[in-house]
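Colleague: Structure in structure tokens, see below.
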Amino acid sequence: DTIISATQQVALTNGSQIVSIDFDGDTIKSTRNNNNFTLDSVLIGKKLIRPTYITHAYNFSDFAKTSYIKNYSSAGVDTNGNNLSEYLELNFTITVKNTSNYEVQAEIYDQYNNFVKNLSASDTLVTGNRVISVRVNGSDIYASKIDGPYVLSVAKLLGNSNVIDKQFNAHTIANLTYSDFERPPLPDLKV
């Protein structure tokens, strides 16, 4: 369901001609498509053509020239065994193309678009599949009083302070509500 587009400016003459339109690797990476692409429309001047052309199957990762977020996982972490999670741990699996300093940034919302929490973490990563883990304080989620399921509405990967990958509604954190997390400490009461 992702749409990408490209423009190529050429001078046309009478007769049949071949015009190539190229999509760069990071544009294809942004689709996260591991299947066929459908050529939906071609615009030549003011003439719109709707061809019925489907490409061979392609894997977006074959085109990625820069690092990208490959996968997500999440879980509540109960460190003291009281059945309330002190942390929400999110793991971002990164396919690292170049050794560098990377940062992940994400926003947690509920399914009705109510804001819960921002998160970020950074690390120096070497090439290969690497994981950046972020622990969100469970009492912060409890204090929001917003029920799950929670959604990473936007997740960004930054390399040397530049956004190199971005996904929307990339991961759903299911089976957790605010009441599953540790309560914030109560203020001291002085009489």
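A note on labels: chains of the structure tokens are A, B, ... as shown, every chain counts residues from 1, and ligands are counted from 1 in their shown order.
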Applying 9 Å and only C-alpha atoms, which residues near stretch 51-56 of chain A remain after dropping the ones on its own chain fewer than 6 positions away? List them as a list in words.
Modeller: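 Listed by chain and then number, they are Asn35, Asn36, Phe37, Thr38, Leu39, Asp40, Ser41 and Val42 of chain A.
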Colleague: Could you list, as an MDAnalysis selection string, every residue within 8 Å of A:Val10, counting only C-alpha atoms and ignoring same-chain residues fewer than 2 positions away?
Modeller: chainID A and resid 8 12 19
Colleague: Write out as a list in words the set of residues from stretch 38-156 of chain A that DSSP, computed on the backbone, places in helix (DSSP H, G or I).
Modeller: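 Residues of stretch 38-156 of chain A classed as helix (DSSP H, G or I): Phe60, Ser61, Asp62, Gly138, Ser139, Asp140, Ile141, Tyr142, Ala143 and Ser144 of chain A.
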Colleague: With a distance cut-off of 8 Å and only C-alpha atoms, select the neighbouring residues of stretch 152-158 of chain A, excluding the residue or stretch itself and same-chain residues fewer than 4 positions from it, and output the selection as a PyMOL selection string.
Modeller: chain A and resi 68-69+102-109+162-173
Colleague: Can you tell me, as a PyMOL selection string, which residues in stretch 2-189 of chain A count as strand (DSSP E) by DSSP?
Modeller: chain A and resi 38-39+42-44+47-49+53-54+68-77+87-96+100-110+115-125+128-137+150-159+162-173
Colleague: Rounded to one decimal place, report the atom CA of A:Asn118-atom CA of A:Gly25 distance in Å.
Modeller: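 If I compute the distance from atom CA of A:Asn118 to atom CA of A:Gly25, I get 29.5 Å.
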Colleague: Could you give me, as a Markdown table, every stretch 83-132 of chain A residue with an atom at most 8 Å from stretch 70-79 of chain A, plus its closest atom pair and distance in Å to one decimal, counting only C-alpha atoms, rows ordered by chain then number?
Modeller:
```
| residue | atom | partner | partner_atom | distance |
| --- | --- | --- | --- | --- |
| A:Asn83 | CA | A:Asp78 | CA | 6.4 |
| A:Leu84 | CA | A:Asp78 | CA | 5.8 |
| A:Ser85 | CA | A:Asp78 | CA | 4.1 |
| A:Glu86 | CA | A:Asp78 | CA | 5.5 |
| A:Tyr87 | CA | A:Val77 | CA | 5.1 |
| A:Leu88 | CA | A:Gly76 | CA | 4.5 |
| A:Glu89 | CA | A:Ala75 | CA | 5.5 |
| A:Leu90 | CA | A:Ser74 | CA | 4.4 |
| A:Asn91 | CA | A:Ser73 | CA | 5.2 |
| A:Phe92 | CA | A:Tyr72 | CA | 4.9 |
| A:Thr93 | CA | A:Asn71 | CA | 5.0 |
| A:Ile94 | CA | A:Lys70 | CA | 5.4 |
| A:Thr95 | CA | A:Lys70 | CA | 6.0 |
```
Colleague: Which distance in Å separates atom CA of A:Phe63 and atom CA of A:Val126, to one decimal?
Modeller: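 Going from atom CA of A:Phe63 over to atom CA of A:Val126 covers 19.5 Å.
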Colleague: Need the shell around A:Ala6: protein/DNA/RNA residues with any atom at most 10 Å away, counting only C-alpha atoms. Skip same-chain ones fewer than 4 positions apart. Format as JSON, numbers by chain?
Modeller: {"A": [21, 22, 23, 24, 27, 42]}
